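This is target22.cif (mmCIF, C-alpha atoms).
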data_protein
#
loop_
_atom_site.label_atom_id
_atom_site.label_comp_id
_atom_site.auth_asym_id
_atom_site.auth_seq_id
_atom_site.Cartn_x
_atom_site.Cartn_y
_atom_site.Cartn_z
CA MET K 577 194.62 -167.43 -82.58
CA SER K 578 193.27 -170.31 -80.59
CA PRO K 579 189.66 -170.09 -79.37
CA PRO K 580 189.15 -169.11 -75.68
CA THR K 581 188.91 -171.87 -73.24
CA PRO K 582 185.64 -172.48 -71.34
CA ARG K 583 187.16 -170.98 -68.21
CA LEU K 584 188.13 -167.83 -70.10
CA ARG K 585 184.66 -167.56 -71.64
CA ARG K 586 183.08 -167.72 -68.18
CA ALA K 587 185.44 -165.03 -66.94
CA LEU K 588 184.58 -162.78 -69.89
CA LEU K 589 180.85 -163.25 -69.25
CA VAL K 590 181.24 -162.36 -65.58
CA LEU K 591 183.31 -159.27 -66.47
CA THR K 592 180.70 -158.16 -68.99
CA ALA K 593 177.91 -158.53 -66.44
CA VAL K 594 179.85 -156.53 -63.85
CA LEU K 595 180.52 -153.71 -66.33
CA ALA K 596 176.83 -153.62 -67.32
CA ALA K 597 175.78 -153.41 -63.67
CA LEU K 598 178.22 -150.58 -63.04
CA CYS K 599 176.92 -148.67 -66.05
CA ALA K 600 173.35 -149.13 -64.85
CA LEU K 601 174.19 -147.87 -61.37
CA THR K 602 175.96 -144.79 -62.65
CA SER K 603 173.29 -143.96 -65.22
CA THR K 604 170.15 -144.61 -63.10
CA PRO K 605 170.31 -141.47 -60.92
CA ALA K 606 170.74 -139.26 -63.97
CA ALA K 607 167.74 -140.86 -65.68
CA ALA K 608 165.51 -140.97 -62.59
CA ASP K 609 166.35 -137.56 -61.15
CA ASP K 610 163.95 -135.03 -62.57
CA GLY K 611 165.30 -132.36 -60.28
CA PRO K 612 163.49 -130.63 -57.37
CA ALA K 613 159.93 -129.37 -57.71
CA ASP K 614 159.84 -125.99 -59.45
CA TRP K 615 157.16 -124.58 -57.15
CA THR K 616 156.49 -124.31 -53.39
CA ALA K 617 153.62 -123.43 -51.06
CA ARG K 618 154.19 -122.00 -47.58
CA PRO K 619 152.78 -119.43 -45.16
CA ALA K 620 153.22 -115.89 -46.48
CA GLY K 621 155.27 -113.27 -44.67
CA GLY K 622 158.89 -114.34 -45.13
CA SER K 623 161.14 -113.03 -47.88
CA GLY K 624 163.38 -116.11 -47.87
CA ASP K 625 163.67 -119.66 -46.60
CA ARG K 626 165.22 -118.50 -43.36
CA ASP K 627 162.34 -116.11 -42.59
CA ALA K 628 159.57 -118.47 -43.71
CA ARG K 629 157.13 -119.71 -41.07
CA PRO K 630 157.03 -123.51 -40.67
CA TYR K 631 153.23 -123.53 -40.38
CA VAL K 632 150.16 -121.33 -40.17
CA TYR K 633 149.47 -120.41 -36.54
CA LEU K 634 146.23 -118.69 -35.48
CA GLU K 635 144.56 -117.89 -32.17
CA GLY K 636 140.94 -117.05 -31.45
CA THR K 637 137.80 -117.79 -29.49
CA PRO K 638 134.84 -119.84 -30.73
CA GLY K 639 132.86 -118.00 -33.40
CA THR K 640 135.67 -115.71 -34.56
CA VAL K 641 137.10 -115.43 -38.08
CA LEU K 642 140.90 -115.56 -38.35
CA GLN K 643 142.84 -114.50 -41.45
CA ASP K 644 146.20 -115.36 -43.01
CA ARG K 645 147.84 -115.70 -46.44
CA LEU K 646 149.37 -118.59 -48.36
CA ALA K 647 152.33 -117.93 -50.67
CA VAL K 648 152.70 -120.03 -53.86
CA THR K 649 156.04 -119.56 -55.63
CA ASN K 650 156.55 -120.68 -59.23
CA SER K 651 160.26 -120.92 -60.01
CA GLY K 652 159.72 -122.71 -63.33
CA ARG K 653 159.65 -121.35 -66.86
CA ALA K 654 155.96 -122.04 -67.50
CA PRO K 655 152.77 -120.86 -65.78
CA LEU K 656 151.61 -122.93 -62.83
CA THR K 657 148.00 -123.71 -61.83
CA VAL K 658 147.35 -125.15 -58.36
CA ARG K 659 144.18 -126.18 -56.58
CA LEU K 660 143.84 -125.38 -52.88
CA ARG K 661 141.88 -127.23 -50.20
CA GLY K 662 141.89 -127.79 -46.45
CA ASP K 663 142.48 -131.11 -44.75
CA GLY K 664 141.99 -132.26 -41.17
CA ARG K 665 139.92 -130.73 -38.40
CA ALA K 666 141.27 -127.17 -38.63
CA GLY K 667 141.62 -127.48 -42.40
CA ALA K 668 137.86 -127.96 -42.73
CA TRP K 669 137.37 -124.49 -41.21
CA ILE K 670 139.42 -122.74 -43.96
CA ARG K 671 138.05 -120.91 -46.99
CA PHE K 672 140.31 -119.44 -49.71
CA ALA K 673 139.89 -116.28 -51.77
CA ALA K 674 140.22 -118.60 -54.78
CA ASP K 675 140.31 -122.39 -54.79
CA THR K 676 142.28 -122.44 -58.06
CA VAL K 677 145.25 -120.11 -58.60
CA THR K 678 147.40 -119.60 -61.71
CA VAL K 679 150.91 -118.29 -61.04
CA PRO K 680 153.03 -116.98 -63.95
CA ALA K 681 156.58 -118.25 -64.49
CA ARG K 682 159.13 -117.06 -61.95
CA THR K 683 156.44 -115.36 -59.93
CA ARG K 684 155.09 -115.58 -56.40
CA ALA K 685 151.39 -115.22 -55.59
CA GLU K 686 149.78 -114.76 -52.18
CA VAL K 687 146.32 -116.19 -51.63
CA PRO K 688 144.21 -114.84 -48.71
CA LEU K 689 142.55 -117.44 -46.49
CA ALA K 690 140.01 -117.17 -43.70
CA LEU K 691 139.56 -119.66 -40.86
CA THR K 692 136.25 -119.58 -38.97
CA VAL K 693 136.34 -121.13 -35.52
CA PRO K 694 132.99 -122.92 -34.96
CA PRO K 695 130.84 -121.44 -32.19
CA ASP K 696 130.76 -124.81 -30.41
CA ALA K 697 134.49 -125.46 -30.74
CA VAL K 698 136.13 -126.85 -27.62
CA PRO K 699 138.82 -124.61 -26.10
CA GLY K 700 142.26 -126.05 -26.72
CA ASP K 701 144.38 -126.90 -29.77
CA ALA K 702 143.19 -127.95 -33.21
CA SER K 703 145.30 -128.89 -36.22
CA GLY K 704 144.97 -129.43 -39.94
CA GLU K 705 146.68 -128.72 -43.28
CA VAL K 706 146.44 -126.59 -46.38
CA VAL K 707 146.99 -128.74 -49.48
CA ALA K 708 148.15 -127.26 -52.82
CA VAL K 709 147.93 -129.66 -55.79
CA ASP K 710 149.37 -129.34 -59.31
CA GLY K 711 148.73 -132.47 -61.34
CA GLY K 712 150.57 -135.25 -59.57
CA GLU K 713 152.53 -132.88 -57.31
CA GLU K 714 151.22 -131.59 -53.98
CA SER K 715 152.53 -129.46 -51.16
CA ARG K 716 151.15 -129.51 -47.61
CA VAL K 717 151.31 -126.64 -45.15
CA PRO K 718 150.54 -127.42 -41.47
CA VAL K 719 147.89 -125.33 -39.69
CA ARG K 720 147.77 -124.89 -35.91
CA VAL K 721 144.87 -123.16 -34.14
CA ARG K 722 144.72 -122.21 -30.46
CA ILE K 723 141.09 -121.90 -29.33
CA GLY K 724 140.58 -119.72 -26.26
CA GLY K 725 137.75 -119.70 -23.74
CA PRO K 726 136.81 -121.26 -20.40
CA THR K 727 137.25 -124.99 -20.03
CA LEU K 728 134.92 -127.33 -18.15
CA ALA K 729 136.18 -130.65 -16.80
CA ALA K 730 133.25 -133.01 -16.16
CA LEU K 731 133.40 -136.79 -15.90
CA THR K 732 130.85 -139.47 -15.01
CA VAL K 733 131.14 -143.20 -14.30
CA GLU K 734 128.06 -145.17 -15.36
CA ASP K 735 126.62 -148.67 -15.80
CA VAL K 736 128.71 -150.34 -13.09
CA GLU K 737 128.19 -154.11 -13.20
CA ILE K 738 129.67 -157.02 -11.26
CA SER K 739 130.16 -160.04 -13.48
CA GLY K 740 131.98 -162.88 -11.73
CA GLU K 741 135.64 -161.92 -11.57
CA THR K 742 135.20 -158.82 -13.72
CA LEU K 743 133.88 -155.33 -12.96
CA ARG K 744 132.35 -153.51 -15.93
CA TYR K 745 131.74 -149.78 -16.18
CA ALA K 746 131.61 -146.84 -18.60
CA LEU K 747 133.31 -143.43 -18.49
CA VAL K 748 131.77 -140.37 -20.19
CA ASN K 749 133.44 -137.00 -20.72
CA ARG K 750 130.64 -134.49 -20.05
CA GLY K 751 132.81 -131.38 -20.38
CA ASN K 752 134.78 -129.61 -23.11
CA ALA K 753 138.31 -130.46 -22.02
CA LEU K 754 140.49 -133.46 -22.77
CA LEU K 755 140.60 -135.67 -19.68
CA ARG K 756 143.10 -138.17 -18.35
CA PRO K 757 141.00 -140.07 -15.76
CA ARG K 758 142.15 -141.85 -12.62
CA LEU K 759 140.31 -144.77 -10.99
CA ALA K 760 139.97 -146.10 -7.43
CA VAL K 761 138.07 -149.32 -6.57
CA ARG K 762 136.67 -150.55 -3.24
CA ALA K 763 134.55 -153.61 -2.46
CA ASP K 764 132.91 -154.34 0.92
CA GLY K 765 131.35 -157.61 1.99
CA VAL K 766 129.36 -158.81 4.98
CA PHE K 767 132.43 -159.20 7.17
CA GLY K 768 134.53 -156.28 5.95
CA THR K 769 136.55 -154.89 3.06
CA LEU K 770 137.36 -157.34 0.28
CA LEU K 771 139.09 -155.02 -2.20
CA ASP K 772 140.75 -151.63 -1.82
CA ARG K 773 142.72 -150.39 -4.84
CA PRO K 774 144.12 -146.87 -4.51
CA GLU K 775 143.64 -144.28 -7.21
CA ARG K 776 145.73 -144.85 -10.32
CA PRO K 777 145.81 -143.31 -13.83
CA LEU K 778 144.01 -145.13 -16.61
CA PRO K 779 145.89 -145.62 -19.93
CA LEU K 780 143.57 -143.45 -22.03
CA GLU K 781 142.69 -139.88 -22.99
CA LEU K 782 139.00 -139.06 -22.99
CA ALA K 783 137.98 -136.48 -25.59
CA PRO K 784 134.96 -134.23 -24.95
CA GLY K 785 131.70 -136.11 -25.46
CA LEU K 786 133.42 -139.48 -25.71
CA ARG K 787 132.09 -142.57 -23.93
CA VAL K 788 134.25 -145.66 -23.38
CA GLU K 789 133.35 -149.02 -21.82
CA LEU K 790 136.05 -150.52 -19.60
CA THR K 791 136.63 -153.54 -17.37
CA GLU K 792 138.46 -154.04 -14.10
CA PRO K 793 139.70 -157.55 -13.22
CA TRP K 794 138.92 -159.05 -9.80
CA PRO K 795 140.60 -162.48 -9.84
CA ASP K 796 140.16 -163.06 -6.07
CA ALA K 797 136.43 -162.39 -5.94
CA PRO K 798 134.71 -164.20 -3.04
CA ALA K 799 132.91 -167.51 -3.46
CA LEU K 800 130.19 -166.77 -0.88
CA ASP K 801 129.35 -163.20 0.12
CA ALA K 802 127.10 -160.20 -0.51
CA VAL K 803 129.31 -157.38 -1.81
CA THR K 804 129.01 -153.73 -2.78
CA VAL K 805 131.58 -152.35 -5.22
CA ARG K 806 132.28 -148.59 -5.41
CA LEU K 807 134.18 -146.94 -8.27
CA ARG K 808 135.58 -143.43 -7.91
CA VAL K 809 136.99 -141.54 -10.93
CA THR K 810 138.80 -138.20 -10.97
CA ALA K 811 140.58 -136.06 -13.56
CA PRO K 812 142.62 -132.84 -13.53
CA GLY K 813 140.46 -129.75 -13.46
CA GLY K 814 138.17 -130.92 -10.66
CA ALA K 815 136.28 -133.67 -12.48
CA ARG K 816 135.01 -136.30 -10.05
CA ASP K 817 132.27 -138.94 -9.85
CA GLU K 818 131.33 -142.14 -7.99
CA ALA K 819 129.06 -145.09 -8.69
CA GLU K 820 128.39 -148.46 -7.10
CA ALA K 821 126.81 -151.85 -7.72
CA SER K 822 125.88 -154.82 -5.52
CA ALA K 823 125.89 -158.56 -6.07
CA THR K 824 125.62 -161.83 -4.14
CA TYR K 825 128.19 -164.56 -4.66
CA LEU K 826 127.00 -168.15 -4.12
CA PRO K 827 128.96 -171.37 -4.67
CA VAL K 828 127.61 -173.12 -7.73
CA LEU K 829 127.72 -176.77 -6.60
CA PRO K 830 126.32 -176.34 -3.05
CA ALA K 831 123.50 -174.21 -4.45
CA VAL K 832 122.59 -176.88 -6.96
CA GLY K 833 122.79 -179.60 -4.32
CA GLY K 834 120.58 -177.63 -1.91
CA GLY K 835 118.00 -177.08 -4.62
CA LEU K 836 117.90 -180.77 -5.44
CA LEU K 837 117.56 -181.62 -1.74
CA VAL K 838 114.57 -179.30 -1.37
CA LEU K 839 112.93 -180.79 -4.44
CA GLY K 840 113.52 -184.29 -3.09
CA VAL K 841 111.93 -183.48 0.28
CA LEU K 842 108.89 -181.95 -1.42
CA ALA K 843 108.55 -185.01 -3.63
CA LEU K 844 108.67 -187.36 -0.63
CA LEU K 845 106.09 -185.34 1.27
CA GLY K 846 103.78 -185.29 -1.74
CA SER K 847 104.18 -189.03 -2.29
CA GLY K 848 103.41 -189.82 1.37
CA ALA K 849 100.24 -187.72 1.35
CA TYR K 850 99.08 -189.44 -1.85
CA ARG K 851 99.61 -192.91 -0.37
CA ARG K 852 97.67 -191.95 2.77
CA ARG K 853 94.75 -190.78 0.70
CA ARG K 854 94.69 -194.04 -1.26
CA ARG K 855 94.76 -196.16 1.91
CA THR K 856 91.89 -194.17 3.40
CA GLY K 857 89.71 -194.64 0.31
CA ARG K 858 90.27 -198.41 -0.11
CA GLY K 859 90.50 -200.02 3.36
CA ALA K 860 89.14 -198.28 6.45
CA PRO K 861 85.51 -197.11 6.31
CA GLU K 862 84.77 -193.48 6.60
CA PRO K 863 83.64 -192.30 10.08
CA PRO K 864 79.85 -192.12 10.43
CA ASP K 865 78.03 -188.87 10.29
CA THR K 866 76.51 -188.62 13.80
CA GLU K 867 73.86 -186.06 12.97
CA THR K 868 72.65 -187.99 9.91
CA GLU K 869 72.45 -191.30 11.80
CA ALA K 870 70.34 -189.75 14.60
CA GLU K 871 67.91 -188.20 12.14
CA THR K 872 67.53 -191.52 10.29
CA LYS K 873 66.79 -193.38 13.57
CA ALA K 874 64.11 -190.87 14.59
CA GLU K 875 62.39 -191.11 11.20
CA THR K 876 62.38 -194.95 11.41
CA GLU K 877 60.79 -194.96 14.89
CA ALA K 878 58.10 -192.49 13.75
CA GLU K 879 57.21 -194.62 10.77
CA ALA K 880 56.96 -197.75 12.96
CA GLU K 881 54.68 -195.97 15.42
CA THR K 882 52.42 -194.84 12.57
CA ASP K 883 52.18 -198.31 11.15
CA THR K 884 51.16 -199.92 14.50
CA ARG K 885 48.36 -197.46 15.38
CA PRO K 886 45.70 -198.92 12.96
CA LEU K 887 46.39 -202.42 14.21
CA ALA K 888 45.89 -201.38 17.80
CA LYS K 889 42.61 -199.62 17.01
CA ALA K 890 41.24 -202.65 15.18
CA GLY K 891 42.03 -204.90 18.08
CA ALA K 892 40.17 -202.64 20.48
CA GLU K 893 37.00 -202.63 18.39
CA LYS K 894 36.90 -206.39 18.39
#

As structure tokens, what does this structure read like?
Amino acid sequence: MSPPTPRLRRALLVLTAVLAALCALTSTPAAADDGPADWTARPAGGSGDRDARPYVYLEGTPGTVLQDRLAVTNSGRAPLTVRLRGDGRAGAWIRFAADTVTVPARTRAEVPLALTVPPDAVPGDASGEVVAVDGGEESRVPVRVRIGGPTLAALTVEDVEISGETLRYALVNRGNALLRPRLAVRADGVFGTLLDRPERPLPLELAPGLRVELTEPWPDAPALDAVTVRLRVTAPGGARDEAEASATYLPVLPAVGGGLLVLGVLALLGSGAYRRRRRTGRGAPEPPDTETEAETKAETEAEAETDTRPLAKAGAEK
């Protein structure tokens, strides 16, 4: 039998590679598939999958203790030990009758849990999870809590500042309800209204106690004017507040030129006064002191009269 030609050898190699790939594809799922988990965790109360609750749902007011049960089902042939913990906001409020539970083979165990709503909890909805862990496997059960009680919608606008073509301000949620604020802006100058933006919703949700710093563009701000800007914020539930700020707009170049002009005038005036003082000191004599000159003349005449009296007396005796 003659040896295969190079073309035939290449064809055989390609065929072998294709067969190996097909074998790998058909055998991979069987090797990788370890089958479904042999245990589950879910809210207790249902006898089957169709009756099982999709999550733990509880309702209460701040300060109350709410109770439920978690069902752990072991469908395997060996005992199962799981560790339980809470996760998320509502999950942190949960305490279990036992944090570690061992479930025999083909057995279902129900673990009591208690959820304590904090006394300062905000009325509304809170969520979290119950997490059951067995080695590298974990199962998560959603928890939903409806917190009752009166709600207070309170909103303030603070620290309003005019900065060139930008308005800066801060919003603070002073109540216990989630707020979706709305903003209206008005600016008045010396000769009338410069800006009047009607109320519009802001793209944010303000949680209770949250403070956010925001900006409002004003691209057509005046170049020369004294303005007062007023911000008004509202939110559903009756929340409302207003704040304002004032500023003076001056053109940059004219202001600089005017300042230089004033400095120049002052410099000229000072230089002229200095030159006048120098001329007065060097050239023209100072004006005589009239009172001093009169006193000096009187003293001179008195001295002359005193000096001539002895001479006159001597002449008379002769």

Picked residues, the PyMOL selection byres ((chain K and resi 637) around 6), expected as a count of residues only: 5

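Closest approach to Ser822 in chain K from the set K:Glu789, K:Asp801, K:Glu781, K:Asp644 is made by K:Asp801, with distances taken over only C-alpha atoms.
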
Quick one: residues within 9 Å of (134.9, -150.9, -4.3) (file frame), counting all atoms listed in the file, please, as a PyMOL selection string. chain K and resi 760-764+769-773+803-808+820-821

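Straight-line separation from CA of Ala685 in chain K to CA of Arg722 in chain K: 26.9 Å.
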
Grab all the atoms of range 655-664 of chain K that the file lists, wrap them in a box along x, y and z, add 5 Å per side, and give me centre plus edge lengths in Å (one decimal) as JSON.
{"center_x": 147.3, "center_y": -126.6, "center_z": -53.5, "size_x": 20.9, "size_y": 21.4, "size_z": 34.6}

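Between CA of Ser739 in chain K and CA of Val766 in chain K the separation is 18.5 Å.
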
Kindly reconstruct range 765-783 of chain K with N, CA, C and O atoms and present the result as a CSV table (one decimal), in the coordinates of the input.
chain,number,residue,atom,x,y,z
K,765,GLY,N,132.2,-156.5,1.8
K,765,GLY,CA,131.4,-157.6,2.0
K,765,GLY,C,130.7,-157.6,3.3
K,765,GLY,O,130.7,-156.6,4.1
K,766,VAL,N,130.1,-158.7,3.7
K,766,VAL,CA,129.4,-158.8,5.0
K,766,VAL,C,130.3,-158.7,6.2
K,766,VAL,O,130.0,-158.0,7.2
K,767,PHE,N,131.5,-159.2,6.0
K,767,PHE,CA,132.4,-159.2,7.2
K,767,PHE,C,133.6,-158.2,7.0
K,767,PHE,O,134.6,-158.3,7.8
K,768,GLY,N,133.5,-157.3,6.1
K,768,GLY,CA,134.5,-156.3,6.0
K,768,GLY,C,134.9,-156.0,4.5
K,768,GLY,O,134.3,-156.4,3.5
K,769,THR,N,136.1,-155.3,4.4
K,769,THR,CA,136.6,-154.9,3.1
K,769,THR,C,137.2,-156.1,2.3
K,769,THR,O,138.1,-156.8,2.9
K,770,LEU,N,136.8,-156.3,1.1
K,770,LEU,CA,137.4,-157.3,0.3
K,770,LEU,C,138.4,-156.8,-0.7
K,770,LEU,O,139.3,-157.6,-1.2
K,771,LEU,N,138.2,-155.6,-1.2
K,771,LEU,CA,139.1,-155.0,-2.2
K,771,LEU,C,139.2,-153.5,-2.0
K,771,LEU,O,138.3,-152.8,-1.7
K,772,ASP,N,140.5,-153.1,-2.0
K,772,ASP,CA,140.8,-151.6,-1.8
K,772,ASP,C,141.9,-151.2,-2.7
K,772,ASP,O,143.1,-151.3,-2.3
K,773,ARG,N,141.7,-150.8,-3.9
K,773,ARG,CA,142.7,-150.4,-4.8
K,773,ARG,C,142.8,-148.9,-4.9
K,773,ARG,O,141.8,-148.2,-5.2
K,774,PRO,N,144.0,-148.3,-4.5
K,774,PRO,CA,144.1,-146.9,-4.5
K,774,PRO,C,144.0,-146.3,-5.9
K,774,PRO,O,144.1,-147.0,-6.9
K,775,GLU,N,143.8,-145.0,-5.9
K,775,GLU,CA,143.6,-144.3,-7.2
K,775,GLU,C,144.9,-144.4,-8.1
K,775,GLU,O,146.0,-144.2,-7.6
K,776,ARG,N,144.6,-144.7,-9.4
K,776,ARG,CA,145.7,-144.8,-10.3
K,776,ARG,C,145.3,-144.3,-11.7
K,776,ARG,O,144.1,-144.3,-12.0
K,777,PRO,N,146.2,-143.8,-12.5
K,777,PRO,CA,145.8,-143.3,-13.8
K,777,PRO,C,145.4,-144.4,-14.8
K,777,PRO,O,146.0,-145.5,-14.8
K,778,LEU,N,144.4,-144.2,-15.6
K,778,LEU,CA,144.0,-145.1,-16.6
K,778,LEU,C,144.7,-144.8,-17.9
K,778,LEU,O,145.0,-143.7,-18.2
K,779,PRO,N,145.1,-145.8,-18.7
K,779,PRO,CA,145.9,-145.6,-19.9
K,779,PRO,C,145.0,-145.1,-21.1
K,779,PRO,O,144.9,-145.8,-22.1
K,780,LEU,N,144.4,-144.0,-20.9
K,780,LEU,CA,143.6,-143.4,-22.0
K,780,LEU,C,143.4,-142.0,-21.9
K,780,LEU,O,143.6,-141.4,-20.8
K,781,GLU,N,143.1,-141.3,-23.0
K,781,GLU,CA,142.7,-139.9,-23.0
K,781,GLU,C,141.3,-139.8,-23.5
K,781,GLU,O,140.9,-140.3,-24.5
K,782,LEU,N,140.4,-139.1,-22.7
K,782,LEU,CA,139.0,-139.1,-23.0
K,782,LEU,C,138.7,-137.7,-23.6
K,782,LEU,O,138.7,-136.7,-22.9
K,783,ALA,N,138.3,-137.7,-24.9
K,783,ALA,CA,138.0,-136.5,-25.6
K,783,ALA,C,136.6,-136.0,-25.2
K,783,ALA,O,135.8,-136.8,-24.7
